[in-house]
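Raw final09.csv, CSV, C-alpha atoms and all ligand atoms:
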```
chain,number,residue,atom,x,y,z
O,1428,MET,CA,237.1,111.9,44.7
O,1429,THR,CA,239.9,114.0,46.2
O,1430,LEU,CA,243.5,112.7,46.3
O,1431,ASP,CA,243.2,111.4,49.9
O,1432,GLY,CA,240.2,109.4,49.0
O,1433,GLU,CA,237.5,111.6,50.6
O,1434,ARG,CA,234.3,112.3,48.6
O,1435,ASP,CA,234.0,115.9,47.3
O,1436,GLU,CA,230.6,117.8,47.4
O,1437,LEU,CA,229.2,116.5,44.1
O,1438,PRO,CA,226.1,114.3,44.5
O,1439,GLU,CA,226.3,110.7,43.2
O,1440,VAL,CA,225.3,110.0,39.7
O,1441,GLY,CA,221.9,108.5,39.8
O,1442,ALA,CA,220.9,110.3,43.0
O,1443,ALA,CA,220.6,113.6,41.1
O,1444,PRO,CA,219.1,114.1,37.6
O,1445,LEU,CA,221.7,114.4,34.9
O,1446,ILE,CA,221.9,118.1,34.1
O,1447,ILE,CA,224.4,119.3,31.6
O,1448,ASP,CA,225.3,122.8,32.1
O,1449,ALA,CA,225.5,124.6,28.8
O,1450,ASP,CA,228.9,126.1,29.8
O,1451,PHE,CA,230.5,122.7,30.1
O,1452,VAL,CA,229.6,121.7,26.5
O,1453,GLU,CA,230.6,124.9,24.9
O,1454,VAL,CA,233.7,123.6,23.2
O,1455,GLU,CA,235.0,125.5,20.2
O,1456,GLU,CA,235.6,123.1,17.4
O,1457,ASP,CA,237.8,124.3,14.6
O,1458,ARG,CA,236.1,123.1,11.5
O,1459,GLY,CA,237.9,125.4,9.1
O,1460,LEU,CA,236.2,128.0,7.0
O,1461,PRO,CA,232.8,126.9,5.5
O,1462,SER,CA,232.6,126.4,1.8
O,1463,LEU,CA,231.0,129.1,-0.4
O,1464,ASP,CA,228.1,126.8,-1.1
O,1465,ALA,CA,227.5,126.3,2.6
O,1466,VAL,CA,227.5,130.1,3.2
O,1467,GLU,CA,225.0,130.5,0.4
O,1468,GLU,CA,222.8,127.8,1.9
O,1469,ILE,CA,222.8,129.4,5.3
O,1470,SER,CA,222.0,132.9,4.0
O,1471,THR,CA,219.1,131.7,1.8
O,1472,ALA,CA,217.7,129.7,4.8
O,1473,ARG,CA,217.8,132.9,6.8
O,1474,ALA,CA,216.2,134.9,4.1
O,1475,ARG,CA,213.4,132.3,3.5
O,1476,ARG,CA,210.2,133.7,4.9
O,1477,PRO,CA,208.5,131.7,7.6
O,1478,LEU,CA,205.1,132.0,5.8
O,1479,GLU,CA,205.7,131.9,2.1
O,1480,LEU,CA,202.1,131.4,1.0
O,1481,PRO,CA,200.1,132.7,-1.8
O,1482,ARG,CA,197.3,135.2,-1.4
O,1483,GLY,CA,193.8,133.7,-1.4
O,1484,PRO,CA,192.1,133.5,-4.8
O,1485,ALA,CA,189.1,135.6,-5.8
O,1486,THR,CA,185.7,134.4,-4.5
O,1487,PRO,CA,183.6,132.5,-7.1
O,1488,ASP,CA,180.6,134.5,-8.2
O,1489,GLY,CA,177.4,134.2,-6.4
O,1490,ARG,CA,178.6,132.9,-3.1
O,1491,ALA,CA,180.1,134.2,0.2
O,1492,ARG,CA,183.9,134.4,0.7
O,1493,VAL,CA,184.8,132.0,3.6
O,1494,VAL,CA,187.6,133.3,5.8
O,1495,THR,CA,189.1,131.7,8.9
O,1496,VAL,CA,190.6,133.9,11.5
O,1497,ILE,CA,193.5,131.8,12.9
O,1498,ASN,CA,196.5,131.8,15.2
O,1499,GLN,CA,197.2,128.8,17.4
O,1500,LYS,CA,198.7,131.3,20.0
O,1501,GLY,CA,196.0,132.1,22.6
O,1502,GLY,CA,194.7,135.6,23.4
O,1503,VAL,CA,196.1,137.4,20.3
O,1504,GLY,CA,192.8,139.0,19.3
O,1505,LYS,CA,191.2,136.4,17.1
O,1506,THR,CA,187.7,136.7,18.6
O,1507,THR,CA,187.9,140.5,18.9
O,1508,SER,CA,188.8,140.7,15.3
O,1509,VAL,CA,186.0,138.3,14.1
O,1510,ILE,CA,183.4,140.3,16.1
O,1511,ASN,CA,184.5,143.7,14.9
O,1512,ILE,CA,185.3,142.9,11.3
O,1513,ALA,CA,182.0,141.1,11.0
O,1514,ALA,CA,180.2,144.1,12.4
O,1515,GLN,CA,182.1,146.5,10.2
O,1516,MET,CA,181.2,144.5,7.1
O,1517,ALA,CA,177.6,144.4,8.1
O,1518,LEU,CA,177.7,148.2,8.6
O,1519,ARG,CA,178.8,148.5,4.9
O,1520,GLY,CA,175.8,146.5,3.8
O,1521,HIS,CA,177.3,143.0,3.5
O,1522,LYS,CA,175.6,140.0,4.8
O,1523,VAL,CA,177.8,138.2,7.3
O,1524,LEU,CA,177.7,134.8,9.0
O,1525,VAL,CA,180.0,134.2,12.0
O,1526,ILE,CA,180.8,130.6,12.9
O,1527,ASP,CA,182.3,130.1,16.3
O,1528,ALA,CA,184.5,127.0,16.2
O,1529,ASP,CA,185.9,127.6,19.7
O,1530,SER,CA,184.5,125.9,22.8
O,1531,GLN,CA,185.0,129.2,24.7
O,1532,GLY,CA,182.1,130.5,22.8
O,1533,ASN,CA,183.1,134.2,23.1
O,1534,CYS,CA,181.7,135.3,19.7
O,1535,ALA,CA,178.2,134.8,21.0
O,1536,THR,CA,178.8,136.9,24.1
O,1537,GLY,CA,180.5,139.6,22.1
O,1538,LEU,CA,177.6,139.8,19.7
O,1539,GLY,CA,174.9,139.9,22.3
O,1540,VAL,CA,173.6,136.3,22.0
O,1541,ASP,CA,172.5,134.4,25.1
O,1542,LYS,CA,174.2,131.0,24.8
O,1543,SER,CA,171.9,129.4,27.3
O,1544,ARG,CA,169.0,129.8,24.9
O,1545,VAL,CA,170.7,128.4,21.9
O,1546,ARG,CA,169.7,124.9,21.0
O,1547,THR,CA,171.8,124.1,17.9
O,1548,THR,CA,175.5,124.9,17.9
O,1549,THR,CA,178.7,124.4,15.8
O,1550,ARG,CA,179.0,121.0,17.4
O,1551,ASP,CA,175.7,119.8,16.0
O,1552,LEU,CA,176.5,121.2,12.6
O,1553,MET,CA,179.8,119.3,12.5
O,1554,LEU,CA,178.0,116.0,13.4
O,1555,ASN,CA,175.0,116.7,11.2
O,1556,PRO,CA,175.9,119.1,8.4
O,1557,GLU,CA,172.3,119.2,7.2
O,1558,CYS,CA,171.2,121.1,10.3
O,1559,ALA,CA,173.3,124.2,9.3
O,1560,VAL,CA,170.4,126.2,8.0
O,1561,ASP,CA,168.5,125.9,11.3
O,1562,SER,CA,171.6,126.7,13.4
O,1563,ARG,CA,171.8,130.4,12.6
O,1564,HIS,CA,170.9,133.1,15.1
O,1565,ALA,CA,170.4,136.8,14.8
O,1566,THR,CA,172.8,139.0,16.8
O,1567,ALA,CA,172.9,142.5,18.2
O,1568,VAL,CA,174.1,143.7,14.8
O,1569,GLU,CA,171.8,143.7,11.9
O,1570,ASN,CA,173.0,141.6,9.0
O,1571,VAL,CA,175.3,139.5,11.2
O,1572,HIS,CA,174.2,136.0,11.9
O,1573,ILE,CA,176.0,133.5,14.1
O,1574,ILE,CA,176.3,129.8,14.6
O,1575,VAL,CA,177.3,129.6,18.2
O,1576,GLY,CA,180.2,127.6,19.6
O,1577,ASP,CA,180.1,126.4,23.2
O,1578,ARG,CA,181.7,123.9,25.5
O,1579,THR,CA,180.0,121.0,23.9
O,1580,LEU,CA,182.7,121.3,21.2
O,1581,VAL,CA,185.1,119.8,23.8
O,1582,GLY,CA,185.5,116.1,23.0
O,1583,LEU,CA,184.1,116.5,19.5
O,1584,GLU,CA,187.4,115.5,17.9
O,1585,GLN,CA,187.3,112.1,19.7
O,1586,GLU,CA,183.8,111.5,18.5
O,1587,MET,CA,184.6,112.4,14.9
O,1588,LEU,CA,187.7,110.2,14.7
O,1589,ARG,CA,185.5,107.3,13.5
O,1590,GLN,CA,183.6,109.4,10.9
O,1591,LEU,CA,184.6,109.2,7.2
O,1592,GLY,CA,185.4,112.6,5.6
O,1593,ARG,CA,185.8,114.2,9.0
O,1594,GLU,CA,187.9,117.1,7.7
O,1595,ARG,CA,185.1,118.2,5.3
O,1596,ARG,CA,182.1,118.3,7.7
O,1597,LEU,CA,182.1,122.1,7.9
O,1598,THR,CA,182.5,122.4,4.1
O,1599,GLU,CA,179.5,120.3,3.6
O,1600,ALA,CA,177.5,122.2,6.2
O,1601,LEU,CA,178.3,125.6,4.6
O,1602,ALA,CA,177.4,124.7,1.1
O,1603,PRO,CA,173.7,125.6,1.3
O,1604,LEU,CA,174.4,128.8,3.2
O,1605,LEU,CA,177.0,130.3,0.9
O,1606,PRO,CA,174.6,131.8,-1.7
O,1607,HIS,CA,172.9,133.8,1.1
O,1608,TYR,CA,175.9,135.6,2.4
O,1609,ASP,CA,178.7,137.9,1.3
O,1610,LEU,CA,181.1,136.8,4.0
O,1611,VAL,CA,181.5,133.8,6.3
O,1612,LEU,CA,183.9,134.5,9.2
O,1613,ILE,CA,185.1,131.5,11.3
O,1614,ASP,CA,186.6,132.0,14.7
O,1615,THR,CA,189.0,129.3,15.8
O,1616,PRO,CA,190.4,128.0,19.1
O,1617,PRO,CA,194.0,128.5,20.0
O,1618,SER,CA,194.9,125.0,18.7
O,1619,LEU,CA,195.4,123.3,15.4
O,1620,GLY,CA,193.0,120.4,16.0
O,1621,LEU,CA,190.4,118.8,13.8
O,1622,VAL,CA,187.8,121.6,14.2
O,1623,THR,CA,190.4,124.1,13.0
O,1624,ILE,CA,191.4,121.9,10.1
O,1625,ASN,CA,187.7,121.8,9.1
O,1626,ALA,CA,187.6,125.6,9.1
O,1627,LEU,CA,190.7,125.7,6.9
O,1628,VAL,CA,189.3,123.1,4.5
O,1629,ALA,CA,186.1,125.2,4.1
O,1630,SER,CA,187.9,128.5,3.6
O,1631,ASP,CA,189.0,130.6,0.6
O,1632,GLY,CA,191.3,132.6,2.7
O,1633,ILE,CA,192.7,133.1,6.2
O,1634,VAL,CA,193.4,136.2,8.3
O,1635,ILE,CA,196.1,135.9,10.9
O,1636,PRO,CA,196.0,138.3,13.9
O,1637,VAL,CA,199.5,138.7,15.4
O,1638,GLN,CA,200.1,140.3,18.7
O,1639,THR,CA,203.2,142.4,18.5
O,1640,GLU,CA,205.1,140.6,21.2
O,1641,TYR,CA,208.2,138.4,21.3
O,1642,PHE,CA,207.8,134.9,19.8
O,1643,ALA,CA,205.2,136.2,17.3
O,1644,LEU,CA,207.1,135.0,14.2
O,1645,GLU,CA,208.0,131.6,15.7
O,1646,GLY,CA,204.3,130.8,16.1
O,1647,LEU,CA,203.7,131.8,12.5
O,1648,ALA,CA,206.2,129.4,11.1
O,1649,MET,CA,204.3,126.5,12.8
O,1650,LEU,CA,201.0,127.8,11.4
O,1651,ALA,CA,202.6,128.1,7.9
O,1652,GLY,CA,203.4,124.4,8.1
O,1653,THR,CA,199.8,123.5,8.9
O,1654,ILE,CA,198.6,125.7,6.1
O,1655,ARG,CA,201.0,124.0,3.6
O,1656,GLU,CA,199.7,120.6,4.7
O,1657,VAL,CA,196.1,121.6,4.3
O,1658,ARG,CA,196.9,123.1,0.8
O,1659,GLY,CA,198.7,120.0,-0.2
O,1660,LEU,CA,196.2,117.4,1.0
O,1661,LEU,CA,192.8,118.9,1.4
O,1662,ASN,CA,192.3,122.4,0.0
O,1663,PRO,CA,194.6,123.6,-2.7
O,1664,ARG,CA,192.9,127.0,-3.0
O,1665,LEU,CA,193.5,128.1,0.6
O,1666,GLY,CA,195.5,131.3,0.7
O,1667,VAL,CA,196.3,134.1,3.1
O,1668,ASP,CA,194.1,137.3,2.9
O,1669,GLY,CA,195.9,139.2,5.5
O,1670,VAL,CA,198.3,139.4,8.5
O,1671,MET,CA,197.0,142.0,11.0
O,1672,LEU,CA,198.8,143.4,14.0
O,1673,THR,CA,196.8,143.5,17.3
O,1674,MET,CA,197.1,145.0,20.7
O,1675,HIS,CA,199.8,147.3,19.4
O,1676,ALA,CA,201.4,149.7,21.9
O,1677,PRO,CA,204.1,152.3,21.4
O,1678,THR,CA,206.8,150.3,23.2
O,1679,LEU,CA,210.1,149.6,21.7
O,1680,LEU,CA,209.4,145.8,21.7
O,1681,ASN,CA,206.0,146.2,20.0
O,1682,GLN,CA,207.6,148.5,17.3
O,1683,GLN,CA,210.4,146.1,16.7
O,1684,VAL,CA,208.1,143.0,16.3
O,1685,ALA,CA,205.7,145.0,14.1
O,1686,ALA,CA,208.6,146.0,11.9
O,1687,GLU,CA,209.8,142.3,11.7
O,1688,VAL,CA,206.3,141.1,10.8
O,1689,LYS,CA,205.9,143.8,8.1
O,1690,GLU,CA,209.3,142.9,6.6
O,1691,ALA,CA,208.4,139.2,6.6
O,1692,PHE,CA,205.0,139.7,4.9
O,1693,PRO,CA,205.1,142.9,2.9
O,1694,GLU,CA,202.3,142.0,0.6
O,1695,LEU,CA,200.0,140.4,3.3
O,1696,ILE,CA,200.2,142.9,6.1
O,1697,VAL,CA,197.0,144.8,6.8
O,1698,GLU,CA,197.5,148.4,8.0
O,1699,PRO,CA,197.1,150.0,10.4
O,1700,PRO,CA,198.0,147.9,13.5
O,1701,VAL,CA,195.0,147.7,15.9
O,1702,ARG,CA,196.2,149.6,19.0
O,1703,ARG,CA,195.8,148.3,22.5
O,1704,ASN,CA,192.6,149.9,23.7
O,1705,ILE,CA,190.6,149.3,26.8
O,1706,ARG,CA,187.3,150.2,25.0
O,1707,LEU,CA,187.8,147.1,22.8
O,1708,ALA,CA,188.2,144.9,25.9
O,1709,GLU,CA,185.1,146.4,27.5
O,1710,ALA,CA,182.7,146.1,24.5
O,1711,PRO,CA,182.0,142.3,24.9
O,1712,SER,CA,180.8,142.8,28.4
O,1713,HIS,CA,178.0,144.9,26.9
O,1714,GLY,CA,177.4,142.3,24.1
O,1715,ILE,CA,178.2,144.8,21.3
O,1716,PRO,CA,181.0,145.4,18.9
O,1717,ILE,CA,183.2,148.5,19.2
O,1718,HIS,CA,181.3,150.5,16.6
O,1719,LEU,CA,178.2,150.4,18.9
O,1720,HIS,CA,180.2,150.9,22.1
O,1721,ASP,CA,182.7,153.6,21.2
O,1722,PRO,CA,183.3,154.1,17.5
O,1723,LYS,CA,185.7,157.0,18.0
O,1724,SER,CA,188.0,155.2,20.3
O,1725,ASN,CA,191.4,154.1,18.9
O,1726,GLY,CA,190.2,150.5,18.7
O,1727,GLY,CA,187.0,151.6,16.9
O,1728,GLN,CA,189.0,153.7,14.3
O,1729,ASP,CA,191.6,151.0,13.8
O,1730,TYR,CA,189.1,148.2,13.1
O,1731,GLN,CA,187.2,150.5,10.7
O,1732,LYS,CA,190.4,151.0,8.7
O,1733,VAL,CA,191.4,147.3,8.9
O,1734,ALA,CA,187.9,146.4,7.6
O,1735,SER,CA,188.3,148.8,4.6
O,1736,VAL,CA,191.6,147.0,3.6
O,1737,LEU,CA,190.0,143.6,3.9
O,1738,GLU,CA,186.8,144.6,2.1
O,1739,ALA,CA,188.9,145.5,-0.9
O,1740,ARG,CA,190.9,142.3,-0.7
O,1741,TRP,CA,187.8,140.3,-0.5
O,1742,GLY,CA,186.3,141.9,-3.6
O,1743,LEU,CA,183.4,143.2,-1.6
O,1744,LEU,CA,183.7,146.9,-2.5
E,1801,LIG,N1,193.3,145.8,20.7
E,1801,LIG,C1,193.0,145.4,22.0
E,1801,LIG,N2,193.2,146.2,23.1
E,1801,LIG,C2,193.0,145.8,24.3
E,1801,LIG,N3,192.4,144.6,24.6
E,1801,LIG,C3,192.2,143.7,23.6
E,1801,LIG,C4,192.5,144.1,22.2
E,1801,LIG,N4,192.2,143.0,21.4
E,1801,LIG,C5,191.7,142.1,22.3
E,1801,LIG,N5,191.7,142.5,23.5
E,1801,LIG,C6,191.4,141.7,24.7
E,1801,LIG,O1,192.3,140.7,24.9
E,1801,LIG,C7,191.8,139.5,25.3
E,1801,LIG,C8,192.1,138.4,24.3
E,1801,LIG,O2,191.4,138.8,23.1
E,1801,LIG,P1,190.6,137.7,22.2
E,1801,LIG,O3,189.7,136.9,23.1
E,1801,LIG,O4,190.1,138.4,21.0
E,1801,LIG,O5,191.8,136.8,21.8
E,1801,LIG,P2,191.7,135.3,21.1
E,1801,LIG,O6,192.9,135.2,20.2
E,1801,LIG,O7,190.4,135.1,20.5
E,1801,LIG,O8,191.9,134.4,22.4
E,1801,LIG,P3,191.7,132.8,22.4
E,1801,LIG,O9,193.0,132.3,21.8
E,1801,LIG,O10,191.7,132.5,23.9
E,1801,LIG,O11,190.5,132.5,21.6
E,1801,LIG,C9,190.3,139.8,25.5
E,1801,LIG,O12,190.0,140.1,26.8
E,1801,LIG,C10,190.0,141.0,24.6
E,1801,LIG,O13,189.0,141.8,25.1
E,1802,MG,MG,189.0,133.6,20.8
```

Once more with this new file: its structure as structure tokens, please.
Ligand SMILES: Nc1ncnc2c1ncn2[C@@H]1O[C@H](COP(=O)(O)OP(=O)(O)OP(=O)(O)O)[C@@H](O)[C@H]1O
Ligand SMILES: [Mg+2]
Amino acid sequence: MTLDGERDELPEVGAAPLIIDADFVEVEEDRGLPSLDAVEEISTARARRPLELPRGPATPDGRARVVTVINQKGGVGKTTSVINIAAQMALRGHKVLVIDADSQGNCATGLGVDKSRVRTTTRDLMLNPECAVDSRHATAVENVHIIVGDRTLVGLEQEMLRQLGRERRLTEALAPLLPHYDLVLIDTPPSLGLVTINALVASDGIVIPVQTEYFALEGLAMLAGTIREVRGLLNPRLGVDGVMLTMHAPTLLNQQVAAEVKEAFPELIVEPPVRRNIRLAEAPSHGIPIHLHDPKSNGGQDYQKVASVLEARWGLL
């Protein structure tokens, strides 16, 4: 109200949503100097790494290492990494099984498998673990087999809610297959739902692809929380095998984020970063990994080097 009783321009309370402008609440409060203890607490909180987790343990003799490729952020290169790391490992003589736990089903396309002709998928295996042996398919790459994910995975979580031991279905399904492979690589959807938890429970280690863009580290803190919960409740041996940088470009932002990630995980980082490379994006449309499409491309060379680092960490050399 103005002094002469006329209404000013402000809308009535209730007519407009209550929006508090940050400027209006920015009141400096003099709380005096913080105590030395408080200063120490703040600085250790800052120094604490968002993903303080142990490396994965060695693989028990006579069975495959099970590795989940995970990041709940979408489009960071999980599937591209699964396809190309699997292919690189097979090229080195290792027997690899890819399990696509994502309803987008991109692993099948990228490895040259026609999804429309597949009868048994990851969904079936989650509901009936005993069908795992018959769910495997050959791919365009010798020594890489796949269990295909497809859109029937949508809604699976609801169906599984009533099942006992629902977090261990994939572990059960994999048991008879492990002696026949050197590596099982699981591709996950961009979410931390029950299917992803199944993958973590079944795994020895995880690989986290990180796109060198803003918000990268924030996403990792959330993932770290999930991993800690799975370790605490369901799979104490789960560890991190590697944090890899993807879609890396020589921009200032990319370089800064890459430096931050390296600083946060000095012992987990997998070098070199995989550069942004159109040949990597093209390869799936031909149903082949990069080493068959254009091995000399930047992407081809980078995945080859990344695979060498992981091969050593997985004890596959
Ligand atoms: N290094 C790269 N350079 C250029 N393009 C890339 C690179 N890596 C992946 N891509 C492309 O980026 C897109 C997203 O990659 P990808 O599907 O591997 O991510 P994702 O994490 O599996 O995604 P989602 O979370 O949806 O499953 C794809 O089109 C892929 O071909
Ligand atoms: Mg994917």

Hey, which residues come within 12 Å of ligand MG 1802 (chain E) if we count all atoms listed in the file? Could you give them as a JSON list (two decimals) with C-alpha atoms, in the coordinates of the input?
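Final output, result37.json:
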```json
[["chain", "number", "residue", "atom", "x", "y", "z"],
["O", 1496, "VAL", "CA", 190.60, 133.90, 11.50],
["O", 1497, "ILE", "CA", 193.50, 131.80, 12.90],
["O", 1498, "ASN", "CA", 196.50, 131.80, 15.20],
["O", 1499, "GLN", "CA", 197.20, 128.80, 17.40],
["O", 1500, "LYS", "CA", 198.70, 131.30, 20.00],
["O", 1501, "GLY", "CA", 196.00, 132.10, 22.60],
["O", 1502, "GLY", "CA", 194.70, 135.60, 23.40],
["O", 1503, "VAL", "CA", 196.10, 137.40, 20.30],
["O", 1504, "GLY", "CA", 192.80, 139.00, 19.30],
["O", 1505, "LYS", "CA", 191.20, 136.40, 17.10],
["O", 1506, "THR", "CA", 187.70, 136.70, 18.60],
["O", 1507, "THR", "CA", 187.90, 140.50, 18.90],
["O", 1508, "SER", "CA", 188.80, 140.70, 15.30],
["O", 1509, "VAL", "CA", 186.00, 138.30, 14.10],
["O", 1510, "ILE", "CA", 183.40, 140.30, 16.10],
["O", 1526, "ILE", "CA", 180.80, 130.60, 12.90],
["O", 1527, "ASP", "CA", 182.30, 130.10, 16.30],
["O", 1528, "ALA", "CA", 184.50, 127.00, 16.20],
["O", 1529, "ASP", "CA", 185.90, 127.60, 19.70],
["O", 1530, "SER", "CA", 184.50, 125.90, 22.80],
["O", 1531, "GLN", "CA", 185.00, 129.20, 24.70],
["O", 1532, "GLY", "CA", 182.10, 130.50, 22.80],
["O", 1533, "ASN", "CA", 183.10, 134.20, 23.10],
["O", 1534, "CYS", "CA", 181.70, 135.30, 19.70],
["O", 1535, "ALA", "CA", 178.20, 134.80, 21.00],
["O", 1536, "THR", "CA", 178.80, 136.90, 24.10],
["O", 1537, "GLY", "CA", 180.50, 139.60, 22.10],
["O", 1576, "GLY", "CA", 180.20, 127.60, 19.60],
["O", 1577, "ASP", "CA", 180.10, 126.40, 23.20],
["O", 1613, "ILE", "CA", 185.10, 131.50, 11.30],
["O", 1614, "ASP", "CA", 186.60, 132.00, 14.70],
["O", 1615, "THR", "CA", 189.00, 129.30, 15.80],
["O", 1616, "PRO", "CA", 190.40, 128.00, 19.10],
["O", 1617, "PRO", "CA", 194.00, 128.50, 20.00],
["O", 1618, "SER", "CA", 194.90, 125.00, 18.70],
["O", 1636, "PRO", "CA", 196.00, 138.30, 13.90],
["O", 1711, "PRO", "CA", 182.00, 142.30, 24.90]]
```

- Message: I need the residue nearest ligand LIG 1801 (chain E) from this list: O:Leu1743, O:Leu1597, O:Leu1737, O:Leu1619. Use only C-alpha atoms and all ligand atoms for the distance.
- Response: O:Leu1619

- Measure the distance from atom CA of Arg1482 of chain O to atom CA of Asp1668 of chain O in Å and round it to one decimal.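 Taking atom CA of Arg1482 of chain O as the start and atom CA of Asp1668 of chain O as the end point, the length is 5.8 Å.
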
- Message: When you count only C-alpha atoms and all ligand atoms, which of these residues is closest to ligand LIG 1801 (chain E): O:Leu1524, O:Ile1635, O:Val1628, O:Ala1708?
- Response: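 Closest residue, counting only C-alpha atoms and all ligand atoms: O:Ala1708.
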
- Pick the closest to Ser1712 of chain O from O:Leu1538, O:Cys1558, O:Val1494, O:Ala1514: which is it, counting all atoms listed in the file? O:Leu1538

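Among the candidate residues O:Gly1489, O:Gly1659, O:Pro1603, O:Pro1699, the one lying nearest to ligand LIG 1801 (chain E) is O:Pro1699, with distances computed using all atoms listed in the file.
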
- Of the listed residues O:Arg1563, O:Arg1546, O:His1713, O:His1607, that which approaches Arg1492 of chain O most closely, counting all atoms listed in the file: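 Closest to Arg1492 of chain O of all the choices is O:His1607.
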
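Residues within 12 Å of Ala1491 of chain O, counting all atoms listed in the file and excluding same-chain residues fewer than 4 positions away, are O:Ala1485, O:Thr1486, O:Pro1487, O:His1521, O:Lys1522, O:Val1523, O:Leu1524, O:Val1525, O:Leu1601, O:Ala1602, O:Pro1603, O:Leu1604, O:Leu1605, O:Pro1606, O:His1607, O:Tyr1608, O:Asp1609, O:Leu1610, O:Val1611, O:Leu1612, O:Ala1629, O:Ser1630, O:Asp1631, O:Gly1632, O:Trp1741, O:Gly1742, O:Leu1743.
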
Centre and edge lengths, as JSON, for the axis-aligned box enclosing every listed atom of segment 1555-1571 of chain O with 6 Å of padding on each of the six sides, in Å to one decimal?
```
{"center_x": 172.2, "center_y": 130.2, "center_z": 12.7, "size_x": 19.4, "size_y": 39.0, "size_z": 23.0}
```

- Would you mind listing what lies within 9 Å of segment 1721-1736 of chain O as number ranges by chain, with all atoms listed in the file counted and same-chain residues fewer than 4 positions away left out? O: 1508, 1511-1513, 1515-1516, 1671, 1697-1707, 1710, 1716-1717, 1740-1741, 1744

Hey, can you spit out that residue selection with C-alpha atoms as an mmCIF file, in the coordinates of the input?
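Heads up, here's the output in part35.cif:
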```
data_model
loop_
_atom_site.group_PDB
_atom_site.id
_atom_site.type_symbol
_atom_site.label_atom_id
_atom_site.label_comp_id
_atom_site.auth_asym_id
_atom_site.auth_seq_id
_atom_site.Cartn_x
_atom_site.Cartn_y
_atom_site.Cartn_z
ATOM 1 C CA SER O 1508 188.800 140.700 15.300
ATOM 2 C CA ASN O 1511 184.500 143.700 14.900
ATOM 3 C CA ILE O 1512 185.300 142.900 11.300
ATOM 4 C CA ALA O 1513 182.000 141.100 11.000
ATOM 5 C CA GLN O 1515 182.100 146.500 10.200
ATOM 6 C CA MET O 1516 181.200 144.500 7.100
ATOM 7 C CA MET O 1671 197.000 142.000 11.000
ATOM 8 C CA VAL O 1697 197.000 144.800 6.800
ATOM 9 C CA GLU O 1698 197.500 148.400 8.000
ATOM 10 C CA PRO O 1699 197.100 150.000 10.400
ATOM 11 C CA PRO O 1700 198.000 147.900 13.500
ATOM 12 C CA VAL O 1701 195.000 147.700 15.900
ATOM 13 C CA ARG O 1702 196.200 149.600 19.000
ATOM 14 C CA ARG O 1703 195.800 148.300 22.500
ATOM 15 C CA ASN O 1704 192.600 149.900 23.700
ATOM 16 C CA ILE O 1705 190.600 149.300 26.800
ATOM 17 C CA ARG O 1706 187.300 150.200 25.000
ATOM 18 C CA LEU O 1707 187.800 147.100 22.800
ATOM 19 C CA ALA O 1710 182.700 146.100 24.500
ATOM 20 C CA PRO O 1716 181.000 145.400 18.900
ATOM 21 C CA ILE O 1717 183.200 148.500 19.200
ATOM 22 C CA ARG O 1740 190.900 142.300 -0.700
ATOM 23 C CA TRP O 1741 187.800 140.300 -0.500
ATOM 24 C CA LEU O 1744 183.700 146.900 -2.500
#
```
